[in-house]
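Undergrad: One structure follows; several queries about it will come next.
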Amino acid sequence: MTEKLCSWDAEPNPRYRLVTTGNVEEVLPGVIKPLTADLINQWDYRFTTRMAEELGVLDLVPTAPPPAMNVLGVVGGRWTLGVAWSMAITSTYQVGGGTDMLQQFVEGEGLTAGQAQDIERAKAARRRIMARWRNAEREIARGAEISTKAYRQAWAREYPRLGADDLLHAIDENIEAVAGLFVSHVIVSVGGAEYTGILGAMLDQHVPKHPPTWVTTLTSALRDVESAKPGKATWDLARAGRQSAVIAAAFAELPAEALLARLAAPVSPAWEAFATRYRELIREYGYRGQRETDPSTSTWDEAPGFLLGALRADMAAPASADPHRKEARAAAARERLEARVESLLPNRVRRQFRETLVMAQRLNRGREGTKANWARACRAFRPPLLEIGRRLVRRGALEQTEDVFFLRLAEVRQFETLDPAAAKAAVRERQEEYRRLEGYRLPGGVFELPTQLVPAGEAAGPGAAALSGQGVSPGKATGPARVIASADAALETEVQPGEVLVLPVFDAPMAPLFVPAAALVVETGGMLSHAAIVAREYGIPAVVGAKYATRVIRDGQVVTVDGDTGTVTLA
């Protein structure tokens with residue numbers, strides 16, 4: 001067995017050795033704590049097995065139980081995506097040639113899933129997955145019900161009254177729920193990518209030499225996209241608060257602690273009305289937070305400082321930053337292009353174009369809904385785990401409640417009988433390993449296991465007048481750069497109107513930062529990354545895959561972002 005890079009890494013699966021940090025890094029960046037890593041290992045086996053069973057191809061794409069990795073696994077302390085498994089499962093339902101849909105999510109060469117050898121069997125698998133694609137909206141709504149109930153019940157239960165078996169049952173029950181919701185997320189995501197690819201192929205065939213941005217525009221500004229909703233809701237609340245001179249002045253002058261005190265105990269009818277709307281926003285989106293599929297991190301419910309910063313920025317922003325107006329303009333541009341493209345197509349393919357377009361838009365919009373459902377359910381792990389942490393602190397087995405996330409799942413299952421001295425020593429050792437791993441990273445792009453860690457300071461990128469990436473949201477904008485070094489640093493960031501956001505990774509909880517921003521530059525991502533989808537909804541230019549952007553661009557440096565060409569020009 002190959003020596004692990006990190007003591008809580010998953011075991012490499014000999015069948016599926018090709019992996020990447022792309023796509024998953026935007027969801028859970030940085031080093032992952034041991035308990036979260038073990039939970040991921042559990043989801044991975046249940047998700048991959050369930051999806052293969054539902055398609056009737058488990059014998060073709062067999063799965064290995066923990067501690068092995070199939071498609072989701074921790075390597076070098078960081079979350080990776082199994083490219084080999086993804087291509088293998090995708091191949092089982094390909095009947096008309098291969099597909100390169102994976103390249104819409106991650107960077108790499110040769111990411112093409114081939115056509116299945118048994119065509120009749122592939123047709124049966126395709127019928128099954130297409131039925132899921134057609135019923136996606138119903139499935140997403142059901143997932144929202146399941147995950148909302150799980151999250152709200154998790155935070156409402158009186159855990160001090162529960163016995164150990166009940167606490168562990170809550171964790172095991174949620175592992176199953178998360179796995180099922182992740183099946184929905186993957187099925188909807190690959191469907192959106194596949195229909196987007198078909199759409200592009202139709203344009204290439206029937207409208208040769210069309211601008212490359214057409215596919216992007218046709219799948220942009222879809223309205224009602226889940227990951228864009230928190231930013232729009234925050235804007236609406238901020239603009240309502242701005243109508244009161246007292247509230248506007250408080251947000252301009254008071255620290256977060258004082259604002260929270262006013263919201264908890266309103267001192268006037270205006271504050272009471274604002275606090276009521278704030279509570280409604282928190283009830284709807286309080287499960288959000290940085291690294292939102294990681295139960296070791298706090299939610300907006302627990303730590304609303306980021307949300308207060310977004311409200312403060314939105315109150316100061318000009319009316320031109322209104323995300324509703326931006327979305328409406330982008331939607332109008334999309335609708336004009338839809339009509340233009342249809343007029344250019346031969347009559348015989350117009351119906352196919354309309355059907356393909358509807359499915360691409362529906363599934364790309366739906367992907368953000370399934371992601372939200374999955375994230376919401378992941379947050380339901382946190383309350384029972386914190387209760388176990390509190391009990392271990394009382395027993396002298398942990399120094400702090402949050403240290404529970406440095407235990408392994410097997411230790412958590414035996415928490416009542418853990419030796420206090422041994423538990424503390426294990427936590428200290430893993431915390432030191434965690435800090436050491438922060439100084440390293442995995443290779444970029446797609447790589448094969450086993451691999452080696454690379455010092456984080458290497459490959460800082462040469463000085464350059466411009467950076468290149470992939471343009472994923474059209475338009476051009478110039479402004480001073482706001483360089484945000486990490487997902488955690490975003491918690492302390494208040495974006496000023498007209499700034500260009502420069503990030504290593506992006507995930508949906510950062511969406512409120514987009515509202516006052518002029519443009520977006522991200523080091524990772526693809527056409528269907530969360531950054532790309534949200535930027536298109538807000539109608540701001542965006543470039544993803546801009547390597548070393550956070551290290552080459554200086555904070556405050558004026559940059560020009562061209563979302564059509566994928567270039568970032570430095571002044």
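Starting from 1 in every chain, residues are counted up; chains themselves are A, B, ... following the order of the structure tokens, and ligands are numbered from 1 as listed.
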Leaving out Ala252 of chain A and any residue of its chain fewer than 6 positions from it, which residues lie within 10 Å of it when counting only C-alpha atoms, given as a list in words?
TA: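 Listed by chain and then number, they are Val246, Arg312, Ala313, Met315 and Ala316 of chain A.
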Undergrad: Can you check which residues of segment 452-536 of chain A DSSP gives as alpha helix (DSSP H) on the backbone and send them as a PyMOL selection string?
TA: chain A and resi 530-536
Undergrad: Output N, CA and C atoms for every residue in that selection, as a tab-separated table (two decimals), in the first residue's frame.
TA:
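Output file part_16.tsv follows:
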chain	number	residue	atom	x	y	z
A	530	HIS	N	-19.72	27.10	-10.27
A	530	HIS	CA	-20.67	27.96	-9.56
A	530	HIS	C	-20.35	29.43	-9.80
A	531	ALA	N	-19.08	29.77	-9.89
A	531	ALA	CA	-18.69	31.16	-10.15
A	531	ALA	C	-19.26	31.63	-11.48
A	532	ALA	N	-19.15	30.78	-12.51
A	532	ALA	CA	-19.62	31.15	-13.84
A	532	ALA	C	-21.13	31.35	-13.85
A	533	ILE	N	-21.86	30.43	-13.23
A	533	ILE	CA	-23.32	30.51	-13.24
A	533	ILE	C	-23.81	31.75	-12.52
A	534	VAL	N	-23.24	32.03	-11.34
A	534	VAL	CA	-23.71	33.19	-10.57
A	534	VAL	C	-23.31	34.50	-11.26
A	535	ALA	N	-22.11	34.55	-11.83
A	535	ALA	CA	-21.69	35.77	-12.55
A	535	ALA	C	-22.63	36.07	-13.71
A	536	ARG	N	-23.04	35.03	-14.42
A	536	ARG	CA	-23.97	35.24	-15.54
A	536	ARG	C	-25.32	35.72	-15.05
Undergrad: Select, from A:Leu308, A:Leu167, A:Ala37, A:Val24, the residue with the minimum atom-to-atom distance to Pro295 of chain A, counting only C-alpha atoms.
TA: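 Answer, going by the shortest atom-to-atom distance: A:Ala37.
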Undergrad: If you run DSSP on the backbone, which residues of segment 32-207 of chain A are strand (DSSP E or B), as a list in words?
TA: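 The strand (DSSP E or B) subset of segment 32-207 of chain A is Ala68, Leu72, Gly73, Val74, Val75, Arg78, Trp79, Thr80, Leu81, Gly82, Thr99 and Ala113 of chain A.
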Undergrad: What does the file look like for those residues with all heavy atoms, as a PDB file, in the first residue's frame?
TA:
ATOM      1  N   ALA A  68     -11.600   3.174   0.940  1.00  0.00           N
ATOM      2  CA  ALA A  68     -11.235   3.467  -0.450  1.00  0.00           C
ATOM      3  C   ALA A  68     -12.043   4.640  -0.983  1.00  0.00           C
ATOM      4  O   ALA A  68     -13.145   4.934  -0.519  1.00  0.00           O
ATOM      5  CB  ALA A  68     -11.465   2.234  -1.323  1.00  0.00           C
ATOM      6  N   LEU A  72     -15.272  10.772  -4.673  1.00  0.00           N
ATOM      7  CA  LEU A  72     -15.032  11.864  -3.723  1.00  0.00           C
ATOM      8  C   LEU A  72     -14.067  11.350  -2.661  1.00  0.00           C
ATOM      9  O   LEU A  72     -14.367  10.369  -1.973  1.00  0.00           O
ATOM     10  CB  LEU A  72     -16.332  12.306  -3.046  1.00  0.00           C
ATOM     11  CG  LEU A  72     -17.447  12.817  -3.949  1.00  0.00           C
ATOM     12  CD1 LEU A  72     -18.693  13.090  -3.121  1.00  0.00           C
ATOM     13  CD2 LEU A  72     -17.013  14.085  -4.675  1.00  0.00           C
ATOM     14  N   GLY A  73     -12.925  11.993  -2.527  1.00  0.00           N
ATOM     15  CA  GLY A  73     -11.977  11.519  -1.535  1.00  0.00           C
ATOM     16  C   GLY A  73     -10.947  12.564  -1.168  1.00  0.00           C
ATOM     17  O   GLY A  73     -10.658  13.476  -1.941  1.00  0.00           O
ATOM     18  N   VAL A  74     -10.408  12.434   0.023  1.00  0.00           N
ATOM     19  CA  VAL A  74      -9.383  13.360   0.506  1.00  0.00           C
ATOM     20  C   VAL A  74      -8.018  12.774   0.195  1.00  0.00           C
ATOM     21  O   VAL A  74      -7.718  11.624   0.519  1.00  0.00           O
ATOM     22  CB  VAL A  74      -9.557  13.613   2.009  1.00  0.00           C
ATOM     23  CG1 VAL A  74      -8.379  14.400   2.572  1.00  0.00           C
ATOM     24  CG2 VAL A  74     -10.863  14.362   2.261  1.00  0.00           C
ATOM     25  N   VAL A  75      -7.194  13.573  -0.476  1.00  0.00           N
ATOM     26  CA  VAL A  75      -5.828  13.214  -0.839  1.00  0.00           C
ATOM     27  C   VAL A  75      -4.916  14.356  -0.405  1.00  0.00           C
ATOM     28  O   VAL A  75      -5.171  15.515  -0.752  1.00  0.00           O
ATOM     29  CB  VAL A  75      -5.684  12.983  -2.362  1.00  0.00           C
ATOM     30  CG1 VAL A  75      -4.226  12.688  -2.724  1.00  0.00           C
ATOM     31  CG2 VAL A  75      -6.587  11.853  -2.826  1.00  0.00           C
ATOM     32  N   ARG A  78      -6.678  17.261   1.126  1.00  0.00           N
ATOM     33  CA  ARG A  78      -7.556  18.128   0.320  1.00  0.00           C
ATOM     34  C   ARG A  78      -8.554  17.296  -0.473  1.00  0.00           C
ATOM     35  O   ARG A  78      -8.283  16.148  -0.836  1.00  0.00           O
ATOM     36  CB  ARG A  78      -6.721  19.007  -0.614  1.00  0.00           C
ATOM     37  CG  ARG A  78      -5.835  19.976   0.166  1.00  0.00           C
ATOM     38  CD  ARG A  78      -4.908  20.773  -0.716  1.00  0.00           C
ATOM     39  NE  ARG A  78      -4.018  21.598   0.074  1.00  0.00           N
ATOM     40  CZ  ARG A  78      -4.254  22.859   0.437  1.00  0.00           C
ATOM     41  NH1 ARG A  78      -5.373  23.433   0.051  1.00  0.00           N
ATOM     42  NH2 ARG A  78      -3.399  23.541   1.168  1.00  0.00           N
ATOM     43  N   TRP A  79      -9.693  17.922  -0.748  1.00  0.00           N
ATOM     44  CA  TRP A  79     -10.769  17.212  -1.427  1.00  0.00           C
ATOM     45  C   TRP A  79     -10.448  17.073  -2.905  1.00  0.00           C
ATOM     46  O   TRP A  79     -10.038  18.027  -3.560  1.00  0.00           O
ATOM     47  CB  TRP A  79     -12.077  17.979  -1.247  1.00  0.00           C
ATOM     48  CG  TRP A  79     -13.288  17.122  -1.455  1.00  0.00           C
ATOM     49  CD1 TRP A  79     -13.333  15.773  -1.588  1.00  0.00           C
ATOM     50  CD2 TRP A  79     -14.636  17.575  -1.509  1.00  0.00           C
ATOM     51  NE1 TRP A  79     -14.631  15.345  -1.739  1.00  0.00           N
ATOM     52  CE2 TRP A  79     -15.450  16.438  -1.692  1.00  0.00           C
ATOM     53  CE3 TRP A  79     -15.238  18.836  -1.427  1.00  0.00           C
ATOM     54  CZ2 TRP A  79     -16.837  16.521  -1.797  1.00  0.00           C
ATOM     55  CZ3 TRP A  79     -16.616  18.908  -1.532  1.00  0.00           C
ATOM     56  CH2 TRP A  79     -17.407  17.767  -1.703  1.00  0.00           C
ATOM     57  N   THR A  80     -10.647  15.877  -3.421  1.00  0.00           N
ATOM     58  CA  THR A  80     -10.420  15.632  -4.839  1.00  0.00           C
ATOM     59  C   THR A  80     -11.640  14.959  -5.464  1.00  0.00           C
ATOM     60  O   THR A  80     -12.439  14.308  -4.787  1.00  0.00           O
ATOM     61  CB  THR A  80      -9.184  14.732  -5.077  1.00  0.00           C
ATOM     62  OG1 THR A  80      -9.408  13.453  -4.474  1.00  0.00           O
ATOM     63  CG2 THR A  80      -7.930  15.362  -4.519  1.00  0.00           C
ATOM     64  N   LEU A  81     -11.733  15.110  -6.769  1.00  0.00           N
ATOM     65  CA  LEU A  81     -12.796  14.514  -7.569  1.00  0.00           C
ATOM     66  C   LEU A  81     -12.201  13.412  -8.428  1.00  0.00           C
ATOM     67  O   LEU A  81     -11.194  13.629  -9.118  1.00  0.00           O
ATOM     68  CB  LEU A  81     -13.443  15.572  -8.471  1.00  0.00           C
ATOM     69  CG  LEU A  81     -14.444  15.083  -9.515  1.00  0.00           C
ATOM     70  CD1 LEU A  81     -15.735  14.643  -8.843  1.00  0.00           C
ATOM     71  CD2 LEU A  81     -14.732  16.184 -10.536  1.00  0.00           C
ATOM     72  N   GLY A  82     -12.806  12.236  -8.402  1.00  0.00           N
ATOM     73  CA  GLY A  82     -12.333  11.119  -9.200  1.00  0.00           C
ATOM     74  C   GLY A  82     -12.745  11.256 -10.656  1.00  0.00           C
ATOM     75  O   GLY A  82     -13.876  10.941 -11.026  1.00  0.00           O
ATOM     76  N   THR A  99     -18.502  11.901 -25.033  1.00  0.00           N
ATOM     77  CA  THR A  99     -18.836  13.252 -24.603  1.00  0.00           C
ATOM     78  C   THR A  99     -17.672  13.832 -23.814  1.00  0.00           C
ATOM     79  O   THR A  99     -17.007  13.125 -23.059  1.00  0.00           O
ATOM     80  CB  THR A  99     -20.109  13.278 -23.728  1.00  0.00           C
ATOM     81  OG1 THR A  99     -20.332  14.615 -23.256  1.00  0.00           O
ATOM     82  CG2 THR A  99     -19.986  12.353 -22.526  1.00  0.00           C
ATOM     83  N   ALA A 113     -15.441  10.928 -22.195  1.00  0.00           N
ATOM     84  CA  ALA A 113     -15.991   9.618 -21.877  1.00  0.00           C
ATOM     85  C   ALA A 113     -16.411   8.963 -23.189  1.00  0.00           C
ATOM     86  O   ALA A 113     -17.171   9.536 -23.964  1.00  0.00           O
ATOM     87  CB  ALA A 113     -17.194   9.757 -20.945  1.00  0.00           C
TER      88      ALA A 113
END
Undergrad: Taking 2 positions as the minimum chain separation for residues in the same chain, which residues sit within 10 Å of Pro160 of chain A when counting only C-alpha atoms? Answer as a PDB file with N, CA, C and O atoms, in the first residue's frame.
TA:
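Written output follows (around.pdb):
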ATOM      1  N   ARG A 157     -33.536  20.288  17.799  1.00  0.00           N
ATOM      2  CA  ARG A 157     -33.568  19.203  18.775  1.00  0.00           C
ATOM      3  C   ARG A 157     -32.837  19.578  20.070  1.00  0.00           C
ATOM      4  O   ARG A 157     -31.877  20.342  20.067  1.00  0.00           O
ATOM      5  N   GLU A 158     -33.303  18.996  21.173  1.00  0.00           N
ATOM      6  CA  GLU A 158     -32.675  19.216  22.472  1.00  0.00           C
ATOM      7  C   GLU A 158     -31.634  18.117  22.696  1.00  0.00           C
ATOM      8  O   GLU A 158     -31.888  17.105  23.363  1.00  0.00           O
ATOM      9  N   LEU A 162     -30.555  13.739  24.630  1.00  0.00           N
ATOM     10  CA  LEU A 162     -30.431  12.522  23.828  1.00  0.00           C
ATOM     11  C   LEU A 162     -29.328  11.615  24.364  1.00  0.00           C
ATOM     12  O   LEU A 162     -28.295  12.076  24.843  1.00  0.00           O
ATOM     13  N   GLY A 163     -29.577  10.306  24.239  1.00  0.00           N
ATOM     14  CA  GLY A 163     -28.549   9.345  24.585  1.00  0.00           C
ATOM     15  C   GLY A 163     -27.536   9.216  23.466  1.00  0.00           C
ATOM     16  O   GLY A 163     -27.731   9.729  22.351  1.00  0.00           O
ATOM     17  N   LEU A 167     -27.732  10.167  19.278  1.00  0.00           N
ATOM     18  CA  LEU A 167     -26.817  11.102  18.615  1.00  0.00           C
ATOM     19  C   LEU A 167     -26.155  10.441  17.406  1.00  0.00           C
ATOM     20  O   LEU A 167     -26.081  11.035  16.319  1.00  0.00           O
ATOM     21  N   PRO A 384     -25.463  17.608  16.159  1.00  0.00           N
ATOM     22  CA  PRO A 384     -25.138  16.431  16.973  1.00  0.00           C
ATOM     23  C   PRO A 384     -23.637  16.265  17.218  1.00  0.00           C
ATOM     24  O   PRO A 384     -23.231  15.786  18.293  1.00  0.00           O
ATOM     25  N   GLU A 387     -22.660  18.539  20.014  1.00  0.00           N
ATOM     26  CA  GLU A 387     -23.096  17.992  21.300  1.00  0.00           C
ATOM     27  C   GLU A 387     -22.116  16.919  21.788  1.00  0.00           C
ATOM     28  O   GLU A 387     -21.761  16.875  22.978  1.00  0.00           O
ATOM     29  N   ILE A 388     -21.668  16.059  20.878  1.00  0.00           N
ATOM     30  CA  ILE A 388     -20.667  15.061  21.252  1.00  0.00           C
ATOM     31  C   ILE A 388     -19.386  15.756  21.708  1.00  0.00           C
ATOM     32  O   ILE A 388     -18.758  15.351  22.698  1.00  0.00           O
ATOM     33  N   ARG A 390     -19.131  18.702  23.129  1.00  0.00           N
ATOM     34  CA  ARG A 390     -19.351  19.279  24.466  1.00  0.00           C
ATOM     35  C   ARG A 390     -19.240  18.192  25.542  1.00  0.00           C
ATOM     36  O   ARG A 390     -18.669  18.421  26.618  1.00  0.00           O
ATOM     37  N   ARG A 391     -19.787  17.024  25.247  1.00  0.00           N
ATOM     38  CA  ARG A 391     -19.710  15.937  26.238  1.00  0.00           C
ATOM     39  C   ARG A 391     -18.263  15.480  26.445  1.00  0.00           C
ATOM     40  O   ARG A 391     -17.862  15.153  27.574  1.00  0.00           O
TER      41      ARG A 391
END
Undergrad: When you look at Ala542 of chain A with a cut-off of 9 Å (counting only C-alpha atoms), what residues show up, excluding the ones that are within fewer than 6 positions of it in the same chain? I need them as a ChimeraX atom specification.
TA: /A:470-476,519-522,531-532,535-536,561-564,566
Undergrad: In Å, how far is it from atom CA of Ala319 of chain A to atom CA of Pro504 of chain A?
TA: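 These two atoms are separated by 28.7 Å.
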Undergrad: Just to confirm, what's the straight-line distance from atom CA of Glu139 of chain A to atom CA of Arg365 of chain A in Å (one decimal)?
TA: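 Calculated distance between atom CA of Glu139 of chain A and atom CA of Arg365 of chain A is 13.2 Å.
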Undergrad: When you draw a straight line from atom CA of Gln94 of chain A to atom CA of Trp133 of chain A, how long is it in Å?
TA: 14.9 Å
Undergrad: Counting only C-alpha atoms, what is within 9 Å of segment 335-337 of chain A, bar same-chain residues fewer than 6 positions away, as a VMD selection string?
TA: chain A and resid 214 217 to 218
Undergrad: Do you have, as a tab-separated table, the list of residues of segment 391-487 of chain A lying at most 9 Å from segment 497-503 of chain A, each with its nearest atom pair and that distance in Å to one decimal, counting only C-alpha atoms and ordered by chain then number?
TA:
residue	atom	partner	partner_atom	distance
A:Ala477	CA	A:Val500	CA	8.3
A:Thr478	CA	A:Val500	CA	7.5
A:Gly479	CA	A:Glu499	CA	5.3
A:Pro480	CA	A:Glu499	CA	5.1
A:Ala481	CA	A:Val500	CA	4.7
A:Arg482	CA	A:Leu501	CA	5.0
A:Val483	CA	A:Val502	CA	4.7
A:Ile484	CA	A:Leu503	CA	5.3
A:Ala485	CA	A:Leu503	CA	6.4
A:Ser486	CA	A:Leu503	CA	7.0
A:Ala487	CA	A:Leu503	CA	8.2
Undergrad: Please tabulate, as JSON lines, the residues of segment 509-539 of chain A that come within 12 Å of segment 444-458 of chain A, each with its closest pair of atoms and the distance in Å to one decimal, counting only C-alpha atoms and ordering rows by chain, then residue number upward.
TA:
{"residue": "A:Glu523", "atom": "CA", "partner": "A:Gly444", "partner_atom": "CA", "distance": 10.9}
{"residue": "A:Thr524", "atom": "CA", "partner": "A:Gly445", "partner_atom": "CA", "distance": 9.6}
{"residue": "A:Gly525", "atom": "CA", "partner": "A:Gly445", "partner_atom": "CA", "distance": 10.7}
{"residue": "A:Gly526", "atom": "CA", "partner": "A:Gly445", "partner_atom": "CA", "distance": 11.9}
Undergrad: Any idea what's packed within 9 Å of Glu494 of chain A, counting only C-alpha atoms, ignoring anything in its chain fewer than 4 positions away? Could you give it as a PDB file with N, CA, C and O atoms, in the first residue's frame?
TA:
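Once everything was written out, this is selection-v5.pdb:
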ATOM      1  N   PHE A 306     -20.406  37.962   8.027  1.00  0.00           N
ATOM      2  CA  PHE A 306     -20.277  38.124   6.579  1.00  0.00           C
ATOM      3  C   PHE A 306     -21.535  38.745   5.990  1.00  0.00           C
ATOM      4  O   PHE A 306     -21.472  39.639   5.137  1.00  0.00           O
ATOM      5  N   GLY A 309     -21.722  42.399   6.701  1.00  0.00           N
ATOM      6  CA  GLY A 309     -20.816  43.124   5.816  1.00  0.00           C
ATOM      7  C   GLY A 309     -21.409  43.313   4.433  1.00  0.00           C
ATOM      8  O   GLY A 309     -21.252  44.379   3.814  1.00  0.00           O
ATOM      9  N   ALA A 310     -22.102  42.285   3.923  1.00  0.00           N
ATOM     10  CA  ALA A 310     -22.747  42.400   2.621  1.00  0.00           C
ATOM     11  C   ALA A 310     -23.865  43.429   2.651  1.00  0.00           C
ATOM     12  O   ALA A 310     -24.045  44.206   1.703  1.00  0.00           O
ATOM     13  N   ARG A 312     -23.979  46.010   4.607  1.00  0.00           N
ATOM     14  CA  ARG A 312     -23.319  47.318   4.678  1.00  0.00           C
ATOM     15  C   ARG A 312     -22.857  47.760   3.282  1.00  0.00           C
ATOM     16  O   ARG A 312     -23.063  48.914   2.887  1.00  0.00           O
ATOM     17  N   ALA A 313     -22.242  46.841   2.532  1.00  0.00           N
ATOM     18  CA  ALA A 313     -21.766  47.180   1.188  1.00  0.00           C
ATOM     19  C   ALA A 313     -22.924  47.521   0.260  1.00  0.00           C
ATOM     20  O   ALA A 313     -22.839  48.455  -0.552  1.00  0.00           O
ATOM     21  N   ALA A 490     -12.653  35.710   2.769  1.00  0.00           N
ATOM     22  CA  ALA A 490     -13.868  36.337   2.255  1.00  0.00           C
ATOM     23  C   ALA A 490     -14.816  36.730   3.383  1.00  0.00           C
ATOM     24  O   ALA A 490     -15.614  37.663   3.238  1.00  0.00           O
ATOM     25  N   LEU A 513     -21.050  38.973  -2.397  1.00  0.00           N
ATOM     26  CA  LEU A 513     -19.931  39.845  -2.734  1.00  0.00           C
ATOM     27  C   LEU A 513     -20.039  40.357  -4.167  1.00  0.00           C
ATOM     28  O   LEU A 513     -19.469  41.398  -4.509  1.00  0.00           O
TER      29      LEU A 513
END
